[in-house]
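Structure data (mmCIF, C-alpha atoms; chains and numbers go by the auth columns) from query_5.cif:
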data_work
loop_
_atom_site.group_PDB
_atom_site.id
_atom_site.type_symbol
_atom_site.label_atom_id
_atom_site.label_comp_id
_atom_site.label_asym_id
_atom_site.label_seq_id
_atom_site.Cartn_x
_atom_site.Cartn_y
_atom_site.Cartn_z
_atom_site.B_iso_or_equiv
_atom_site.auth_seq_id
_atom_site.auth_asym_id
ATOM 1 C CA MET A 1 17.283 -6.303 -9.186 0.00 1 P
ATOM 2 C CA LEU A 2 16.337 -2.835 -10.356 0.00 2 P
ATOM 3 C CA LEU A 3 13.209 -4.062 -12.152 0.00 3 P
ATOM 4 C CA GLY A 4 12.086 -6.086 -9.125 0.00 4 P
ATOM 5 C CA ALA A 5 12.546 -3.149 -6.766 0.00 5 P
ATOM 6 C CA SER A 6 10.677 -0.862 -9.171 0.00 6 P
ATOM 7 C CA VAL A 7 7.754 -3.283 -9.450 0.00 7 P
ATOM 8 C CA VAL A 8 7.478 -3.739 -5.677 0.00 8 P
ATOM 9 C CA LYS A 9 7.684 0.028 -5.196 0.00 9 P
ATOM 10 C CA LEU A 10 4.946 0.600 -7.798 0.00 10 P
ATOM 11 C CA ILE A 11 2.610 -1.943 -6.216 0.00 11 P
ATOM 12 C CA ALA A 12 3.181 -0.383 -2.806 0.00 12 P
ATOM 13 C CA GLU A 13 2.442 3.074 -4.242 0.00 13 P
ATOM 14 C CA ILE A 14 -0.828 1.864 -5.758 0.00 14 P
ATOM 15 C CA ALA A 15 -1.867 0.300 -2.451 0.00 15 P
ATOM 16 C CA LEU A 16 -0.889 3.406 -0.489 0.00 16 P
ATOM 17 C CA MET A 17 -2.795 5.766 -2.789 0.00 17 P
ATOM 18 C CA ALA A 18 -5.872 3.521 -2.661 0.00 18 P
ATOM 19 C CA LEU A 19 -5.699 3.352 1.143 0.00 19 P
ATOM 20 C CA LEU A 20 -5.298 7.132 1.411 0.00 20 P
ATOM 21 C CA GLY A 21 -8.168 7.715 -1.002 0.00 21 P
ATOM 22 C CA ARG A 22 -10.363 5.285 0.877 0.00 22 P
ATOM 23 C CA GLY A 23 -9.630 7.047 4.144 0.00 23 P
ATOM 24 C CA LEU A 24 -10.368 10.441 2.631 0.00 24 P
ATOM 25 C CA VAL A 25 -13.659 9.268 1.128 0.00 25 P
ATOM 26 C CA ALA A 26 -14.579 7.656 4.466 0.00 26 P
ATOM 27 C CA VAL A 27 -14.037 10.974 6.246 0.00 27 P
ATOM 28 C CA LEU A 28 -15.979 12.943 3.644 0.00 28 P
ATOM 29 C CA ALA A 29 -18.859 10.474 3.220 0.00 29 P
ATOM 30 C CA GLY A 30 -19.255 9.706 6.924 0.00 30 P
ATOM 31 C CA ALA A 31 -21.697 6.985 7.899 0.00 31 P
ATOM 32 C CA ARG A 32 -22.935 6.591 4.316 0.00 32 P
ATOM 33 C CA ARG A 33 -19.532 5.584 2.985 0.00 33 P
ATOM 34 C CA ASP A 34 -20.592 1.986 2.303 0.00 34 P
ATOM 35 C CA THR A 35 -23.048 3.199 -0.344 0.00 35 P
ATOM 36 C CA ASN A 36 -20.491 5.493 -1.985 0.00 36 P
ATOM 37 C CA PHE A 37 -19.374 4.187 -5.393 0.00 37 P
ATOM 38 C CA PHE A 38 -15.790 5.475 -5.117 0.00 38 P
ATOM 39 C CA TYR A 39 -15.412 4.029 -1.622 0.00 39 P
ATOM 40 C CA GLN A 40 -16.522 0.637 -2.947 0.00 40 P
ATOM 41 C CA ILE A 41 -13.992 0.813 -5.808 0.00 41 P
ATOM 42 C CA LEU A 42 -11.173 1.747 -3.420 0.00 42 P
ATOM 43 C CA THR A 43 -12.223 -1.040 -1.049 0.00 43 P
ATOM 44 C CA LEU A 44 -12.022 -3.460 -3.951 0.00 44 P
ATOM 45 C CA LEU A 45 -8.469 -2.263 -4.706 0.00 45 P
ATOM 46 C CA THR A 46 -7.278 -2.539 -1.103 0.00 46 P
ATOM 47 C CA LYS A 47 -8.979 -5.822 -0.209 0.00 47 P
ATOM 48 C CA PRO A 48 -6.125 -8.130 -1.403 0.00 48 P
ATOM 49 C CA PHE A 49 -3.574 -6.209 0.661 0.00 49 P
ATOM 50 C CA GLU A 50 -5.797 -6.169 3.726 0.00 50 P
ATOM 51 C CA SER A 51 -6.482 -9.898 3.391 0.00 51 P
ATOM 52 C CA LEU A 52 -2.759 -10.602 3.310 0.00 52 P
ATOM 53 C CA VAL A 53 -2.181 -8.413 6.368 0.00 53 P
ATOM 54 C CA ARG A 54 -5.053 -10.144 8.177 0.00 54 P
ATOM 55 C CA LEU A 55 -3.292 -13.473 7.556 0.00 55 P
ATOM 56 C CA ILE A 56 0.030 -12.334 9.008 0.00 56 P
ATOM 57 C CA THR A 57 -1.250 -10.348 11.995 0.00 57 P
ATOM 58 C CA PRO A 58 -2.286 -11.985 15.260 0.00 58 P
ATOM 59 C CA ARG A 59 -5.970 -12.222 16.157 0.00 59 P
ATOM 60 C CA ILE A 60 -5.511 -9.605 18.872 0.00 60 P
ATOM 61 C CA VAL A 61 -5.503 -6.952 16.133 0.00 61 P
ATOM 62 C CA ILE A 62 -9.156 -6.129 15.564 0.00 62 P
ATOM 63 C CA ASP A 63 -10.571 -5.961 12.045 0.00 63 P
ATOM 64 C CA ARG A 64 -11.250 -2.248 12.324 0.00 64 P
ATOM 65 C CA HIS A 65 -7.496 -1.580 12.594 0.00 65 P
ATOM 66 C CA ILE A 66 -6.435 -3.727 9.639 0.00 66 P
ATOM 67 C CA PRO A 67 -6.511 -0.846 7.080 0.00 67 P
ATOM 68 C CA LEU A 68 -4.207 1.219 9.315 0.00 68 P
ATOM 69 C CA VAL A 69 -1.833 -1.702 9.852 0.00 69 P
ATOM 70 C CA THR A 70 -1.895 -2.342 6.099 0.00 70 P
ATOM 71 C CA PHE A 71 -0.976 1.286 5.460 0.00 71 P
ATOM 72 C CA PHE A 72 2.032 1.148 7.792 0.00 72 P
ATOM 73 C CA ILE A 73 3.239 -2.177 6.389 0.00 73 P
ATOM 74 C CA MET A 74 2.950 -0.814 2.841 0.00 74 P
ATOM 75 C CA VAL A 75 4.965 2.264 3.882 0.00 75 P
ATOM 76 C CA MET A 76 7.703 -0.022 5.198 0.00 76 P
ATOM 77 C CA ILE A 77 7.636 -2.074 1.985 0.00 77 P
ATOM 78 C CA TRP A 78 7.808 1.130 -0.067 0.00 78 P
ATOM 79 C CA PHE A 79 10.887 2.328 1.848 0.00 79 P
ATOM 80 C CA ALA A 80 12.547 -1.085 1.538 0.00 80 P
ATOM 81 C CA ALA A 81 11.941 -1.065 -2.230 0.00 81 P
ATOM 82 C CA LEU A 82 13.209 2.512 -2.453 0.00 82 P
ATOM 83 C CA PHE A 83 16.443 1.613 -0.669 0.00 83 P
ATOM 84 C CA ALA A 84 16.839 -1.501 -2.847 0.00 84 P
ATOM 85 C CA LYS A 85 16.352 0.629 -5.957 0.00 85 P
ATOM 86 C CA ILE A 86 18.888 3.208 -4.763 0.00 86 P
ATOM 87 C CA ASN A 87 21.360 0.454 -3.928 0.00 87 P
ATOM 88 C CA ALA A 88 20.912 -1.127 -7.367 0.00 88 P
ATOM 89 C CA CYS A 89 21.418 2.236 -9.063 0.00 89 P
ATOM 90 C CA LEU A 90 24.569 2.947 -7.089 0.00 90 P
ATOM 91 C CA THR A 91 25.922 -0.504 -7.837 0.00 91 P
ATOM 92 C CA MET A 92 25.208 -0.336 -11.582 0.00 92 P
ATOM 93 C CA GLY A 93 26.026 3.293 -11.967 0.00 93 P
ATOM 94 C CA VAL A 94 23.651 6.222 -12.045 0.00 94 P
ATOM 95 C CA GLU A 95 23.850 6.516 -15.842 0.00 95 P
ATOM 96 C CA LEU A 96 22.213 3.101 -16.330 0.00 96 P
ATOM 97 C CA CYS A 97 19.281 3.895 -14.011 0.00 97 P
ATOM 98 C CA LYS A 98 17.750 6.611 -16.138 0.00 98 P
#
Would you put the structure from the file into structure tokens?
Amino acid sequence: MLLGASVVKLIAEIALMALLGRGLVAVLAGARRDTNFFYQILTLLTKPFESLVRLITPRIVIDRHIPLVTFFIMVMIWFAALFAKINACLTMGVELCK
């Protein structure tokens, strides 16, 4: 249980950092962000998460909003994994979680 929660939390953290970095590079690069190498790398990292969110969201959500929806879903997943990890640590004992 603890390992599963830690893995889910780590994957969510990677996705969140990539989404934040992509947003920051988009703001800094402006209209030329599609030619930016770092933006392309971050887009490559976030594409699997965005594709999954596109599958589960209704068509009324436009494609331009998918990165934002992905960010909020990943935040919820991160909190759920955090609470699962805390619960597992409290159940096993804090000494075994270190």
Contacts of stretch 64-90 of chain P with stretch 38-48 of chain P up to 12 Å, shortest pair per row, all atoms listed in the file, as JSON lines:
{"residue": "P:Ile66", "atom": "CA", "partner": "P:Lys47", "partner_atom": "CA", "distance": 10.4}
{"residue": "P:Pro67", "atom": "CA", "partner": "P:Thr46", "partner_atom": "CA", "distance": 8.4}
{"residue": "P:Leu68", "atom": "CA", "partner": "P:Thr46", "partner_atom": "CA", "distance": 11.5}
{"residue": "P:Thr70", "atom": "CA", "partner": "P:Thr46", "partner_atom": "CA", "distance": 9.0}
{"residue": "P:Phe71", "atom": "CA", "partner": "P:Thr46", "partner_atom": "CA", "distance": 9.9}
{"residue": "P:Met74", "atom": "CA", "partner": "P:Thr46", "partner_atom": "CA", "distance": 11.1}
* To do: Work out how far apart atom CA of P:Ala26 and atom CA of P:Met76 are and give it in Å to one decimal.
  =>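 Answer for the atom CA of P:Ala26 to atom CA of P:Met76 separation: 23.6 Å.
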* To do: Could you check how far atom CA of P:Ala81 sits from atom CA of P:Phe49, in Å to one decimal?
  =>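 Atom-to-atom, atom CA of P:Ala81 and atom CA of P:Phe49 are spaced 16.6 Å apart.
In this model, the gap between atom CA of P:Arg64 and atom CA of P:Val7 comes to 28.9 Å.
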* **Ref. answer, residues at most 10 Å from (22.6, 2.1, -12.6) with all atoms listed in the file, as number ranges by chain** => P: 2, 85-98
* Who sits within 12 Å of P:Val75, only C-alpha atoms, same chain under 2 positions skipped, as number ranges by chain -> P: 8-17, 19-20, 68-73, 77-82
If I only have part of stretch 60-71 of chain P, can you fill in N, CA and C atoms and write it as a PDB file, in the coordinates of the input?
ATOM      1  N   ILE P  60      -5.290 -10.682  17.912  1.00  0.00           N
ATOM      2  CA  ILE P  60      -5.511  -9.605  18.872  1.00  0.00           C
ATOM      3  C   ILE P  60      -5.749  -8.272  18.155  1.00  0.00           C
ATOM      4  N   VAL P  61      -5.259  -8.155  16.929  1.00  0.00           N
ATOM      5  CA  VAL P  61      -5.503  -6.952  16.133  1.00  0.00           C
ATOM      6  C   VAL P  61      -6.927  -7.033  15.600  1.00  0.00           C
ATOM      7  N   ILE P  62      -7.755  -6.073  15.978  1.00  0.00           N
ATOM      8  CA  ILE P  62      -9.156  -6.129  15.564  1.00  0.00           C
ATOM      9  C   ILE P  62      -9.295  -5.718  14.100  1.00  0.00           C
ATOM     10  N   ASP P  63     -10.360  -6.184  13.481  1.00  0.00           N
ATOM     11  CA  ASP P  63     -10.571  -5.961  12.045  1.00  0.00           C
ATOM     12  C   ASP P  63     -10.669  -4.483  11.683  1.00  0.00           C
ATOM     13  N   ARG P  64     -11.121  -3.676  12.588  1.00  0.00           N
ATOM     14  CA  ARG P  64     -11.250  -2.248  12.324  1.00  0.00           C
ATOM     15  C   ARG P  64      -9.896  -1.573  12.128  1.00  0.00           C
ATOM     16  N   HIS P  65      -8.837  -2.169  12.692  1.00  0.00           N
ATOM     17  CA  HIS P  65      -7.496  -1.580  12.594  1.00  0.00           C
ATOM     18  C   HIS P  65      -6.678  -2.126  11.426  1.00  0.00           C
ATOM     19  N   ILE P  66      -7.182  -3.102  10.728  1.00  0.00           N
ATOM     20  CA  ILE P  66      -6.435  -3.727   9.639  1.00  0.00           C
ATOM     21  C   ILE P  66      -6.063  -2.730   8.538  1.00  0.00           C
ATOM     22  N   PRO P  67      -6.947  -1.819   8.103  1.00  0.00           N
ATOM     23  CA  PRO P  67      -6.511  -0.846   7.080  1.00  0.00           C
ATOM     24  C   PRO P  67      -5.334   0.019   7.536  1.00  0.00           C
ATOM     25  N   LEU P  68      -5.314   0.415   8.795  1.00  0.00           N
ATOM     26  CA  LEU P  68      -4.207   1.219   9.315  1.00  0.00           C
ATOM     27  C   LEU P  68      -2.913   0.407   9.371  1.00  0.00           C
ATOM     28  N   VAL P  69      -3.009  -0.833   9.816  1.00  0.00           N
ATOM     29  CA  VAL P  69      -1.833  -1.702   9.852  1.00  0.00           C
ATOM     30  C   VAL P  69      -1.337  -1.954   8.429  1.00  0.00           C
ATOM     31  N   THR P  70      -2.260  -2.143   7.504  1.00  0.00           N
ATOM     32  CA  THR P  70      -1.895  -2.342   6.099  1.00  0.00           C
ATOM     33  C   THR P  70      -1.152  -1.126   5.570  1.00  0.00           C
ATOM     34  N   PHE P  71      -1.629   0.058   5.906  1.00  0.00           N
ATOM     35  CA  PHE P  71      -0.976   1.286   5.460  1.00  0.00           C
ATOM     36  C   PHE P  71       0.471   1.344   5.955  1.00  0.00           C
TER      37      PHE P  71
END
